[in-house]
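Chemist: Data: data-v4.tsv, TSV, C-alpha atoms.
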chain	number	residue	atom	x	y	z
A	1	MET	CA	-35.55	17.27	-2.63
A	2	THR	CA	-35.97	17.73	-6.35
A	3	GLY	CA	-36.36	15.67	-9.47
A	4	ARG	CA	-38.87	13.06	-10.52
A	5	SER	CA	-38.96	9.30	-10.38
A	6	PRO	CA	-40.58	6.81	-12.78
A	7	ARG	CA	-41.92	5.12	-9.64
A	8	LEU	CA	-44.34	8.02	-9.19
A	9	SER	CA	-46.57	7.14	-12.12
A	10	MET	CA	-46.59	3.46	-11.13
A	11	LEU	CA	-47.51	4.26	-7.53
A	12	ARG	CA	-50.24	6.63	-8.65
A	13	ARG	CA	-51.80	3.95	-10.81
A	14	ALA	CA	-51.86	1.64	-7.78
A	15	MET	CA	-54.02	4.02	-5.72
A	16	PRO	CA	-57.75	3.31	-5.28
A	17	GLU	CA	-59.83	4.78	-8.09
A	18	GLY	CA	-61.84	7.88	-7.34
A	19	ARG	CA	-59.70	9.02	-4.40
A	20	THR	CA	-57.89	12.30	-4.88
A	21	THR	CA	-56.27	14.78	-2.56
A	22	ARG	CA	-57.98	17.79	-4.15
A	23	PRO	CA	-61.19	18.51	-6.03
A	24	VAL	CA	-61.15	18.30	-9.82
A	25	GLU	CA	-61.39	22.07	-10.15
A	26	ALA	CA	-58.30	22.54	-7.97
A	27	ARG	CA	-56.25	20.04	-9.95
A	28	GLY	CA	-56.38	21.76	-13.30
A	29	GLY	CA	-59.75	20.39	-14.52
A	30	LYS	CA	-62.85	22.53	-15.06
A	31	PRO	CA	-62.47	26.17	-14.06
A	32	ARG	CA	-64.08	27.09	-10.76
A	33	ARG	CA	-67.53	28.62	-11.09
A	34	ARG	CA	-68.45	31.86	-9.40
A	35	GLY	CA	-70.06	30.96	-6.10
A	36	ALA	CA	-68.24	27.60	-5.86
A	37	GLN	CA	-66.81	26.34	-2.57
A	38	PRO	CA	-64.17	28.71	-1.18
A	39	LYS	CA	-60.51	27.88	-1.53
A	40	VAL	CA	-59.25	27.68	2.05
A	41	VAL	CA	-55.65	27.48	3.24
A	42	ALA	CA	-55.01	26.59	6.90
A	43	LEU	CA	-51.63	27.25	8.49
A	44	GLY	CA	-50.26	25.79	11.70
A	45	GLY	CA	-49.00	22.56	13.17
A	46	GLY	CA	-49.72	19.88	15.72
A	47	MET	CA	-53.10	19.31	17.30
A	48	GLY	CA	-54.26	22.90	16.76
A	49	LEU	CA	-53.99	22.60	12.99
A	50	SER	CA	-55.57	19.14	13.15
A	51	ALA	CA	-58.61	20.60	14.93
A	52	SER	CA	-58.96	23.31	12.30
A	53	LEU	CA	-58.61	20.86	9.39
A	54	THR	CA	-61.11	18.41	10.88
A	55	ALA	CA	-63.62	21.27	10.97
A	56	LEU	CA	-62.77	22.84	7.62
A	57	ARG	CA	-63.03	19.61	5.62
A	58	ARG	CA	-66.69	19.52	6.63
A	59	ILE	CA	-67.48	22.78	4.86
A	60	THR	CA	-65.20	22.97	1.80
A	61	GLY	CA	-63.77	20.54	-0.70
A	62	ASP	CA	-60.91	22.87	-1.66
A	63	LEU	CA	-58.63	22.79	1.36
A	64	THR	CA	-54.85	23.05	1.70
A	65	ALA	CA	-52.82	22.71	4.90
A	66	VAL	CA	-49.47	24.50	5.14
A	67	VAL	CA	-47.54	22.90	7.98
A	68	THR	CA	-44.59	23.91	10.16
A	69	VAL	CA	-41.32	22.00	9.77
A	70	ALA	CA	-39.45	22.93	12.96
A	71	ASP	CA	-40.35	19.90	15.10
A	72	ASP	CA	-37.28	18.32	16.69
A	73	GLY	CA	-38.78	15.98	19.28
A	74	GLY	CA	-39.95	12.37	19.37
A	75	SER	CA	-40.10	10.24	16.24
A	76	SER	CA	-39.86	13.29	13.96
A	77	GLY	CA	-36.73	14.52	15.68
A	78	ARG	CA	-35.06	11.13	15.46
A	79	LEU	CA	-35.80	10.79	11.74
A	80	ARG	CA	-34.69	14.37	11.15
A	81	ASP	CA	-31.38	13.80	12.94
A	82	GLU	CA	-30.68	10.40	11.40
A	83	LEU	CA	-31.75	11.03	7.80
A	84	GLY	CA	-31.58	14.81	7.43
A	85	VAL	CA	-35.21	15.00	6.31
A	86	LEU	CA	-38.03	17.39	7.11
A	87	PRO	CA	-39.72	16.40	10.38
A	88	PRO	CA	-42.78	14.45	9.19
A	89	GLY	CA	-44.86	14.40	12.39
A	90	ASP	CA	-47.00	17.53	11.94
A	91	LEU	CA	-47.47	16.66	8.25
A	92	ARG	CA	-48.72	13.23	9.30
A	93	LYS	CA	-51.15	14.71	11.82
A	94	ALA	CA	-52.55	17.04	9.16
A	95	LEU	CA	-53.07	14.13	6.76
A	96	ALA	CA	-54.83	12.15	9.48
A	97	ALA	CA	-57.13	15.11	10.20
A	98	LEU	CA	-58.08	15.27	6.52
A	99	CYS	CA	-59.15	11.62	6.44
A	100	GLY	CA	-62.86	11.11	5.95
A	101	ASP	CA	-65.34	9.81	8.50
A	102	ASP	CA	-66.01	6.64	6.46
A	103	ASP	CA	-64.39	3.29	7.24
A	104	TRP	CA	-61.58	3.84	4.73
A	105	GLY	CA	-60.66	7.24	6.12
A	106	GLN	CA	-60.85	6.29	9.77
A	107	THR	CA	-58.90	3.07	9.25
A	108	TRP	CA	-56.07	4.89	7.52
A	109	ALA	CA	-56.13	7.69	10.08
A	110	ARG	CA	-55.56	5.12	12.81
A	111	VAL	CA	-52.85	3.33	10.80
A	112	ILE	CA	-50.70	6.37	10.11
A	113	GLN	CA	-51.09	7.57	13.70
A	114	HIS	CA	-50.15	4.15	15.11
A	115	ARG	CA	-46.93	4.08	17.11
A	116	PHE	CA	-44.77	1.03	17.70
A	117	HIS	CA	-43.99	0.05	21.29
A	118	SER	CA	-40.89	-2.03	21.76
A	119	LYS	CA	-37.51	-2.13	23.41
A	120	GLY	CA	-35.79	-1.57	20.07
A	121	ASP	CA	-35.13	1.20	17.57
A	122	LEU	CA	-38.73	1.29	16.34
A	123	HIS	CA	-40.06	2.33	19.75
A	124	GLU	CA	-42.41	5.34	19.50
A	125	HIS	CA	-41.96	5.71	15.74
A	126	ALA	CA	-45.26	6.49	14.01
A	127	VAL	CA	-46.20	4.45	10.95
A	128	GLY	CA	-47.13	7.58	9.02
A	129	ASN	CA	-43.75	9.17	9.69
A	130	LEU	CA	-41.97	6.16	8.22
A	131	LEU	CA	-44.31	6.05	5.22
A	132	ILE	CA	-43.82	9.73	4.43
A	133	VAL	CA	-40.04	9.57	4.72
A	134	ALA	CA	-39.91	6.40	2.61
A	135	LEU	CA	-41.82	8.13	-0.18
A	136	TRP	CA	-39.59	11.20	0.07
A	137	GLU	CA	-36.60	8.94	-0.49
A	138	GLN	CA	-38.32	6.99	-3.27
A	139	LEU	CA	-39.65	9.96	-5.21
A	140	GLY	CA	-37.17	12.69	-4.33
A	141	ASP	CA	-39.95	15.28	-4.05
A	142	HIS	CA	-41.64	16.46	-0.85
A	143	VAL	CA	-44.83	17.70	-2.46
A	144	GLN	CA	-45.40	14.79	-4.84
A	145	ALA	CA	-44.85	12.31	-2.01
A	146	LEU	CA	-47.32	14.05	0.32
A	147	ASP	CA	-49.87	14.24	-2.50
A	148	LEU	CA	-49.46	10.51	-3.00
A	149	VAL	CA	-49.97	9.74	0.69
A	150	GLY	CA	-53.06	11.94	0.62
A	151	LYS	CA	-54.40	10.02	-2.34
A	152	LEU	CA	-53.84	6.71	-0.57
A	153	LEU	CA	-55.68	7.97	2.50
A	154	GLY	CA	-58.50	9.56	0.51
A	155	ALA	CA	-57.62	12.85	2.22
A	156	HIS	CA	-60.15	15.67	1.88
A	157	GLY	CA	-57.49	18.24	1.03
A	158	ARG	CA	-53.81	18.73	0.38
A	159	VAL	CA	-50.89	18.92	2.83
A	160	LEU	CA	-47.77	20.99	2.12
A	161	PRO	CA	-44.69	21.83	4.21
A	162	MET	CA	-44.17	25.56	4.71
A	163	SER	CA	-40.44	25.33	3.91
A	164	ALA	CA	-38.28	23.00	1.85
A	165	VAL	CA	-35.66	22.71	4.60
A	166	PRO	CA	-35.93	21.62	8.25
A	167	LEU	CA	-35.91	24.63	10.56
A	168	GLU	CA	-34.59	25.17	14.05
A	169	LEU	CA	-36.82	27.29	16.25
A	170	GLN	CA	-35.05	29.63	18.65
A	171	ALA	CA	-36.62	31.83	21.29
A	172	LEU	CA	-35.53	34.69	23.51
A	173	VAL	CA	-36.86	33.71	26.94
A	174	LYS	CA	-36.93	35.81	30.08
A	175	GLY	CA	-36.38	33.83	33.27
A	176	HIS	CA	-35.58	30.55	31.55
A	177	ASP	CA	-33.16	29.98	34.44
A	178	PRO	CA	-35.20	30.37	37.68
A	179	ASP	CA	-32.06	31.58	39.44
A	180	ARG	CA	-31.84	34.51	36.99
A	181	PRO	CA	-35.47	35.61	36.59
A	182	GLU	CA	-34.65	38.93	34.85
A	183	ASP	CA	-32.11	37.55	32.38
A	184	ILE	CA	-32.99	36.75	28.78
A	185	ASP	CA	-31.54	33.59	27.28
A	186	THR	CA	-31.71	31.97	23.86
A	187	VAL	CA	-33.59	28.67	23.96
A	188	ARG	CA	-33.12	26.34	20.99
A	189	GLY	CA	-35.46	23.71	19.59
A	190	GLN	CA	-39.24	23.58	19.20
A	191	ALA	CA	-39.68	20.93	21.87
A	192	THR	CA	-37.71	23.00	24.39
A	193	VAL	CA	-39.44	26.26	23.50
A	194	ALA	CA	-42.87	24.66	23.88
A	195	LEU	CA	-42.07	23.57	27.42
A	196	THR	CA	-40.03	26.52	28.64
A	197	THR	CA	-40.80	27.71	32.16
A	198	GLY	CA	-39.78	31.27	31.32
A	199	GLU	CA	-41.57	34.05	29.44
A	200	VAL	CA	-41.04	33.88	25.69
A	201	GLN	CA	-40.24	37.33	24.30
A	202	SER	CA	-39.86	36.46	20.63
A	203	VAL	CA	-38.97	33.61	18.30
A	204	HIS	CA	-36.98	33.23	15.10
A	205	VAL	CA	-35.88	30.38	12.88
A	206	VAL	CA	-32.54	29.10	11.64
A	207	PRO	CA	-31.75	29.50	8.80
A	208	HIS	CA	-33.03	33.06	9.08
A	209	ASP	CA	-34.17	33.28	5.45
A	210	PRO	CA	-35.59	29.80	4.75
A	211	PRO	CA	-37.03	29.01	1.31
A	212	ALA	CA	-40.77	28.58	1.18
A	213	VAL	CA	-42.31	25.69	-0.73
A	214	PRO	CA	-43.56	27.32	-3.97
A	215	GLU	CA	-46.82	25.39	-3.89
A	216	ALA	CA	-47.53	26.76	-0.40
A	217	VAL	CA	-46.96	30.34	-1.55
A	218	GLU	CA	-49.15	29.74	-4.60
A	219	ALA	CA	-51.93	28.29	-2.44
A	220	VAL	CA	-51.96	31.34	-0.16
A	221	LEU	CA	-52.00	33.77	-3.08
A	222	ASP	CA	-54.81	31.83	-4.77
A	223	ALA	CA	-56.94	31.38	-1.64
A	224	ASP	CA	-60.29	32.92	-0.79
A	225	TRP	CA	-59.74	32.41	2.94
A	226	VAL	CA	-56.60	31.88	4.99
A	227	VAL	CA	-56.98	30.43	8.50
A	228	LEU	CA	-54.12	30.85	11.00
A	229	GLY	CA	-54.29	28.96	14.30
A	230	PRO	CA	-55.28	27.61	16.70
A	231	GLY	CA	-52.18	25.95	18.11
A	232	SER	CA	-49.03	26.48	20.14
A	233	TRP	CA	-48.52	30.17	19.55
A	234	PHE	CA	-44.74	30.44	19.41
A	235	SER	CA	-43.94	26.97	18.12
A	236	SER	CA	-46.76	26.30	15.62
A	237	VAL	CA	-48.54	29.52	14.64
A	238	ILE	CA	-45.92	32.29	14.49
A	239	PRO	CA	-43.23	30.24	12.63
A	240	HIS	CA	-45.23	30.68	9.40
A	241	LEU	CA	-44.59	34.41	9.69
A	242	LEU	CA	-40.83	33.80	9.85
A	243	VAL	CA	-40.57	32.41	6.31
A	244	PRO	CA	-40.18	35.60	4.23
A	245	GLU	CA	-41.83	34.39	1.01
A	246	LEU	CA	-44.75	32.94	2.93
A	247	LEU	CA	-45.21	36.10	4.98
A	248	ASP	CA	-45.12	38.21	1.79
A	249	ALA	CA	-47.84	35.96	0.33
A	250	LEU	CA	-49.96	36.35	3.48
A	251	ILE	CA	-49.62	40.13	3.24
A	252	GLN	CA	-50.26	40.34	-0.51
A	253	THR	CA	-53.04	37.78	-0.92
A	254	LYS	CA	-56.53	39.00	-1.70
A	255	ALA	CA	-57.88	36.29	0.58
A	256	ARG	CA	-59.68	37.12	3.81
A	257	ARG	CA	-57.62	36.16	6.87
A	258	VAL	CA	-59.02	34.49	9.98
A	259	LEU	CA	-57.06	34.06	13.19
A	260	SER	CA	-58.46	31.31	15.41
A	261	LEU	CA	-57.51	31.76	19.07
A	262	ASN	CA	-56.76	28.99	21.53
A	263	LEU	CA	-59.22	28.01	24.22
A	264	ALA	CA	-56.62	28.38	26.97
A	265	PRO	CA	-53.00	29.48	27.38
A	266	GLN	CA	-50.42	26.86	26.42
A	267	PRO	CA	-48.66	25.45	29.51
A	268	GLY	CA	-45.11	26.72	29.28
A	269	GLU	CA	-44.80	29.03	26.31
A	270	THR	CA	-47.94	31.17	26.83
A	271	ASP	CA	-48.70	30.73	30.53
A	272	GLY	CA	-50.75	33.68	31.75
A	273	PHE	CA	-51.46	35.07	28.27
A	274	SER	CA	-54.77	36.84	27.74
A	275	PRO	CA	-56.50	36.51	24.36
A	276	GLN	CA	-55.43	40.04	23.42
A	277	ARG	CA	-51.82	39.34	24.30
A	278	HIS	CA	-51.80	36.56	21.70
A	279	LEU	CA	-52.73	39.21	19.13
A	280	GLU	CA	-50.10	41.64	20.37
A	281	VAL	CA	-47.36	39.03	20.12
A	282	LEU	CA	-48.40	38.07	16.62
A	283	GLY	CA	-48.47	41.72	15.60
A	284	ARG	CA	-44.93	42.26	16.86
A	285	HIS	CA	-43.64	39.38	14.74
A	286	ALA	CA	-45.48	40.51	11.59
A	287	PRO	CA	-46.35	44.22	11.90
A	288	LYS	CA	-47.44	44.51	8.24
A	289	LEU	CA	-49.89	41.60	8.40
A	290	ALA	CA	-53.54	42.60	8.58
A	291	LEU	CA	-56.35	40.29	9.65
A	292	ASP	CA	-60.05	40.32	8.85
A	293	VAL	CA	-61.58	38.18	11.60
A	294	VAL	CA	-60.45	36.94	15.01
A	295	LEU	CA	-62.40	33.88	16.14
A	296	ALA	CA	-62.59	33.08	19.86
A	297	ASP	CA	-64.73	31.07	22.23
A	298	GLU	CA	-66.83	33.42	24.35
A	299	ALA	CA	-66.07	31.46	27.51
A	300	ALA	CA	-62.33	31.99	26.92
A	301	VAL	CA	-62.65	35.80	26.60
A	302	PRO	CA	-62.88	37.58	29.97
A	303	ASP	CA	-63.08	41.06	28.41
A	304	ARG	CA	-64.59	41.34	24.95
A	305	ASP	CA	-64.00	45.08	24.68
A	306	VAL	CA	-60.27	44.75	25.27
A	307	LEU	CA	-60.03	41.93	22.72
A	308	THR	CA	-62.03	43.98	20.23
A	309	GLU	CA	-59.60	46.88	20.55
A	310	ALA	CA	-56.60	44.59	20.09
A	311	ALA	CA	-58.21	43.04	17.01
A	312	LYS	CA	-58.98	46.48	15.53
A	313	ARG	CA	-55.29	47.34	15.66
A	314	LEU	CA	-54.76	44.40	13.28
A	315	GLY	CA	-57.71	45.44	11.12
A	316	ALA	CA	-59.96	42.63	12.32
A	317	ALA	CA	-63.44	42.14	13.70
A	318	VAL	CA	-64.04	39.74	16.59
A	319	GLU	CA	-66.39	36.79	16.22
A	320	LEU	CA	-67.30	34.90	19.39
A	321	ALA	CA	-68.79	31.43	19.10
A	322	PRO	CA	-69.05	28.30	21.24
A	323	VAL	CA	-66.32	26.10	19.76
A	324	ALA	CA	-65.11	24.08	22.77
A	325	ARG	CA	-65.90	20.45	23.54
A	326	SER	CA	-68.53	19.91	26.21
A	327	ASP	CA	-66.24	17.78	28.40
A	328	GLY	CA	-64.49	20.82	29.87
A	329	THR	CA	-61.12	20.16	28.23
A	330	PRO	CA	-59.47	22.98	26.22
A	331	ARG	CA	-60.11	21.23	22.90
A	332	HIS	CA	-62.13	22.39	19.92
A	333	ASP	CA	-65.29	20.55	18.92
A	334	PRO	CA	-65.05	19.81	15.16
A	335	GLU	CA	-68.76	20.36	14.48
A	336	LEU	CA	-68.96	23.59	16.45
A	337	LEU	CA	-65.74	24.91	14.92
A	338	ALA	CA	-67.00	24.01	11.45
A	339	ALA	CA	-70.22	25.93	12.12
A	340	ALA	CA	-68.23	28.95	13.28
A	341	TYR	CA	-65.99	28.94	10.20
A	342	ASP	CA	-68.99	28.48	7.92
A	343	ARG	CA	-70.76	31.45	9.51
A	344	ILE	CA	-67.64	33.61	9.19
A	345	PHE	CA	-67.15	32.68	5.54
A	346	ARG	CA	-70.76	33.58	4.79
A	347	MET	CA	-70.98	36.76	6.87
A	348	HIS	CA	-67.61	38.22	5.94
A	349	GLY	CA	-67.25	36.80	2.44
A	350	ARG	CA	-70.08	38.52	0.62
A	351	ILE	CA	-67.74	40.90	-1.14
A	352	GLY	CA	-64.84	38.47	-1.14
A	353	PRO	CA	-63.38	37.03	-4.35
A	354	TRP	CA	-65.26	33.72	-4.04
A	355	ARG	CA	-68.73	35.26	-4.01
How would this structure read if it were set down as structure tokens?
Modeler:
Amino acid sequence: MTGRSPRLSMLRRAMPEGRTTRPVEARGGKPRRRGAQPKVVALGGGMGLSASLTALRRITGDLTAVVTVADDGGSSGRLRDELGVLPPGDLRKALAALCGDDDWGQTWARVIQHRFHSKGDLHEHAVGNLLIVALWEQLGDHVQALDLVGKLLGAHGRVLPMSAVPLELQALVKGHDPDRPEDIDTVRGQATVALTTGEVQSVHVVPHDPPAVPEAVEAVLDADWVVLGPGSWFSSVIPHLLVPELLDALIQTKARRVLSLNLAPQPGETDGFSPQRHLEVLGRHAPKLALDVVLADEAAVPDRDVLTEAAKRLGAAVELAPVARSDGTPRHDPELLAAAYDRIFRMHGRIGPWR
């Protein structure tokens, strides 16, 4: 989508005063001072990215989410098929995660996450998906529309799609057909890949050379820290490495790069994966990408030495920290994850560009 609409200025004026999607410094106001809050870009999708954003908004006011656009299931898939738009679901989840903890933020987070339940066409559609798509159609611009939704919500950061076109995720899967356990088949669609019963060998996207959103590339190049993960490894984390312009930016940026590992293997696509295997798979998809830090929960790492060696091959140090919720579920605790990120930024950022 391109072009501008006169509706944009009118809608902006209607937003609550004092609520912006980015800090003044990041929106072209006063230049950032040396020692100011770090510019952080988080990449991913789904609940993994939401966990990271919920933590990161607690420690920096200059935060940008770059979100996958390969979802083809549920409400997003239906809107994508019917209207030919980017799937809005992961973008919506990121916006909800950036909502503040005050009444305004939590009310809007619940509203945009609300799903209709009926026997009609609205069944299972999320309010936020419909709002985002409506603004895309009204304004004709993906980025401007998402910025406007963020302003309405009082989001503590900015949300950008990684590509300007909807992508189809395809995977080479060994044993996808239980009757042919040694055969490798092509599995199509993010929803199918995420639930495959076989062993995912590699993934790619169609089109094979998708255009990156320029603002996403710019954010990565201008960042002090880039955070990749946690999330579904093949369907949310690795797809960012399959957009050539975005991968080039990740390789060329002067930012420090943090990879946040999952607390447990993903049922289906990464069943049986060790922490180090996650790193090996990522390295195969982007052999030129170096990392600085790998963050993992100590309880989820059976062999620290093996993980340390795998991280070294990517140029990274390993940081272990308690980041899981206390209820025993494989979910990140926002406060603990925020503390871990904050410690990493301070310990590993002393000679970084933001210090």
Chemist: Kindly give the distance, in Å, that separates atom CA of A:Ala223 and atom CA of A:Asp248, rounded to a single decimal.
Modeler: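 Straight-line distance from atom CA of A:Ala223 to atom CA of A:Asp248 works out to 14.1 Å.
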Chemist: Using all atoms listed in the file, pick whichever of A:Ala36, A:Leu263, A:Ile344, A:Leu242 has the shortest atom-to-atom distance to A:Arg331.
Modeler: A:Leu263
Chemist: Between A:Ala70, A:Leu43, A:Ala264, A:Leu289, which one has atoms that come closest to A:Val205, using all atoms listed in the file?
Modeler: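 Going through A:Ala70, A:Leu43, A:Ala264, A:Leu289 one by one, the smallest distance to A:Val205 is for A:Ala70.
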Chemist: Distance atom CA of A:Gly198-atom CA of A:Leu307, one decimal place?
Modeler: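 Atom CA of A:Gly198 sits 24.4 Å away from atom CA of A:Leu307.
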Chemist: Skipping near chain neighbours, those fewer than 2 positions away, what residues fall within 9 Å of stretch 164-172 of chain A using all atoms listed in the file, listed as an NGL selection string?
Modeler: :A and (1 or 68-72 or 80 or 84-87 or 142 or 161-162 or 174 or 184-191 or 193 or 199-207 or 210-214 or 234-235 or 239)
Chemist: Write the residues you've just listed into a file as a PDB file, keeping the file's coordinate frame, and include C-alpha atoms for each of them.
Modeler:
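Final output, out_2.pdb:
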ATOM      1  CA  MET A   1     -35.550  17.270  -2.630  1.00  0.00           C
ATOM      2  CA  THR A  68     -44.590  23.910  10.160  1.00  0.00           C
ATOM      3  CA  VAL A  69     -41.320  22.000   9.770  1.00  0.00           C
ATOM      4  CA  ALA A  70     -39.450  22.930  12.960  1.00  0.00           C
ATOM      5  CA  ASP A  71     -40.350  19.900  15.100  1.00  0.00           C
ATOM      6  CA  ASP A  72     -37.280  18.320  16.690  1.00  0.00           C
ATOM      7  CA  ARG A  80     -34.690  14.370  11.150  1.00  0.00           C
ATOM      8  CA  GLY A  84     -31.580  14.810   7.430  1.00  0.00           C
ATOM      9  CA  VAL A  85     -35.210  15.000   6.310  1.00  0.00           C
ATOM     10  CA  LEU A  86     -38.030  17.390   7.110  1.00  0.00           C
ATOM     11  CA  PRO A  87     -39.720  16.400  10.380  1.00  0.00           C
ATOM     12  CA  HIS A 142     -41.640  16.460  -0.850  1.00  0.00           C
ATOM     13  CA  PRO A 161     -44.690  21.830   4.210  1.00  0.00           C
ATOM     14  CA  MET A 162     -44.170  25.560   4.710  1.00  0.00           C
ATOM     15  CA  LYS A 174     -36.930  35.810  30.080  1.00  0.00           C
ATOM     16  CA  ILE A 184     -32.990  36.750  28.780  1.00  0.00           C
ATOM     17  CA  ASP A 185     -31.540  33.590  27.280  1.00  0.00           C
ATOM     18  CA  THR A 186     -31.710  31.970  23.860  1.00  0.00           C
ATOM     19  CA  VAL A 187     -33.590  28.670  23.960  1.00  0.00           C
ATOM     20  CA  ARG A 188     -33.120  26.340  20.990  1.00  0.00           C
ATOM     21  CA  GLY A 189     -35.460  23.710  19.590  1.00  0.00           C
ATOM     22  CA  GLN A 190     -39.240  23.580  19.200  1.00  0.00           C
ATOM     23  CA  ALA A 191     -39.680  20.930  21.870  1.00  0.00           C
ATOM     24  CA  VAL A 193     -39.440  26.260  23.500  1.00  0.00           C
ATOM     25  CA  GLU A 199     -41.570  34.050  29.440  1.00  0.00           C
ATOM     26  CA  VAL A 200     -41.040  33.880  25.690  1.00  0.00           C
ATOM     27  CA  GLN A 201     -40.240  37.330  24.300  1.00  0.00           C
ATOM     28  CA  SER A 202     -39.860  36.460  20.630  1.00  0.00           C
ATOM     29  CA  VAL A 203     -38.970  33.610  18.300  1.00  0.00           C
ATOM     30  CA  HIS A 204     -36.980  33.230  15.100  1.00  0.00           C
ATOM     31  CA  VAL A 205     -35.880  30.380  12.880  1.00  0.00           C
ATOM     32  CA  VAL A 206     -32.540  29.100  11.640  1.00  0.00           C
ATOM     33  CA  PRO A 207     -31.750  29.500   8.800  1.00  0.00           C
ATOM     34  CA  PRO A 210     -35.590  29.800   4.750  1.00  0.00           C
ATOM     35  CA  PRO A 211     -37.030  29.010   1.310  1.00  0.00           C
ATOM     36  CA  ALA A 212     -40.770  28.580   1.180  1.00  0.00           C
ATOM     37  CA  VAL A 213     -42.310  25.690  -0.730  1.00  0.00           C
ATOM     38  CA  PRO A 214     -43.560  27.320  -3.970  1.00  0.00           C
ATOM     39  CA  PHE A 234     -44.740  30.440  19.410  1.00  0.00           C
ATOM     40  CA  SER A 235     -43.940  26.970  18.120  1.00  0.00           C
ATOM     41  CA  PRO A 239     -43.230  30.240  12.630  1.00  0.00           C
TER      42      PRO A 239
END
Chemist: Using only C-alpha atoms and a cutoff of 9 Å, can you tell me which residues are near (-53.6, 12.9, 15.3) in the file's coordinates, and write them out as a list of chain:residue names?
Modeler: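 Checking each residue against the 9 Å limit leaves A:Gly46, A:Met47, A:Ser50, A:Asp90, A:Arg92, A:Lys93, A:Ala94, A:Leu95, A:Ala96, A:Ala97, A:Ala109, A:Arg110, A:Ile112, A:Gln113.
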Chemist: Which distance in Å separates atom CA of A:Glu137 and atom CA of A:Leu79, to one decimal?
Modeler: 12.4 Å
Chemist: Which of these residues is nearest to A:Gln276, using only C-alpha atoms: A:Ser260, A:Thr308, A:Gln252, A:Ser326?
Modeler: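 Smallest distance to A:Gln276 is found for A:Thr308.
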Chemist: Box time for stretch 263-270 of chain A: axis-aligned, enclosing all its listed atoms, 3 Å extra on each side; report centre and edge lengths in Å to one decimal, as AutoDock Vina command-line options.
Modeler:
--center_x -52.0 --center_y 28.3 --center_z 26.9 --size_x 20.4 --size_y 11.7 --size_z 11.3
Chemist: Mind running stretch 123-191 of chain A against stretch 54-64 of chain A at 8 Å and telling me each contacting residue's nearest atom pair with the distance in Å (one decimal), counting only C-alpha atoms, chain and number ascending, as a tab-separated table?
Modeler:
residue	atom	partner	partner_atom	distance
A:His156	CA	A:Arg57	CA	6.1
A:Gly157	CA	A:Leu63	CA	4.7
A:Arg158	CA	A:Thr64	CA	4.6
A:Val159	CA	A:Thr64	CA	5.8
A:Leu160	CA	A:Thr64	CA	7.4
Chemist: Output C-alpha atoms of each residue in that selection to a file, as a short mmCIF file (atom, residue, chain, number, x, y, z; two decimals), in the coordinates of the input.
Modeler:
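Saved to again.cif:
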data_model
loop_
_atom_site.label_atom_id
_atom_site.label_comp_id
_atom_site.auth_asym_id
_atom_site.auth_seq_id
_atom_site.Cartn_x
_atom_site.Cartn_y
_atom_site.Cartn_z
CA HIS A 156 -60.15 15.67 1.88
CA GLY A 157 -57.49 18.24 1.03
CA ARG A 158 -53.81 18.73 0.38
CA VAL A 159 -50.89 18.92 2.83
CA LEU A 160 -47.77 20.99 2.12
#
Chemist: Excluding A:Asp222 and its own-chain neighbours fewer than 2 positions away, which residues fall within 9 Å of it when counting only C-alpha atoms? Please give them as a JSON list (two decimals) with C-alpha atoms, keeping the file's coordinate frame.
Modeler:
[["chain", "number", "residue", "atom", "x", "y", "z"],
["A", 39, "LYS", "CA", -60.51, 27.88, -1.53],
["A", 217, "VAL", "CA", -46.96, 30.34, -1.55],
["A", 218, "GLU", "CA", -49.15, 29.74, -4.60],
["A", 219, "ALA", "CA", -51.93, 28.29, -2.44],
["A", 220, "VAL", "CA", -51.96, 31.34, -0.16],
["A", 224, "ASP", "CA", -60.29, 32.92, -0.79],
["A", 253, "THR", "CA", -53.04, 37.78, -0.92],
["A", 254, "LYS", "CA", -56.53, 39.00, -1.70],
["A", 255, "ALA", "CA", -57.88, 36.29, 0.58]]
Chemist: Taking the point (-52.3, 32.0, 22.7) as given in the file, collect each protein or nucleic acid residue that comes within 9 Å of it, counting all atoms listed in the file, and present the set as a list in words.
Modeler: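 Output: Pro230, Gly231, Ser232, Trp233, Phe234, Leu261, Asn262, Leu263, Ala264, Pro265, Gln266, Glu269, Thr270, Asp271, Phe273, Ser274, Pro275, Gln276, Arg277, His278, Leu279 and Val281 of chain A.
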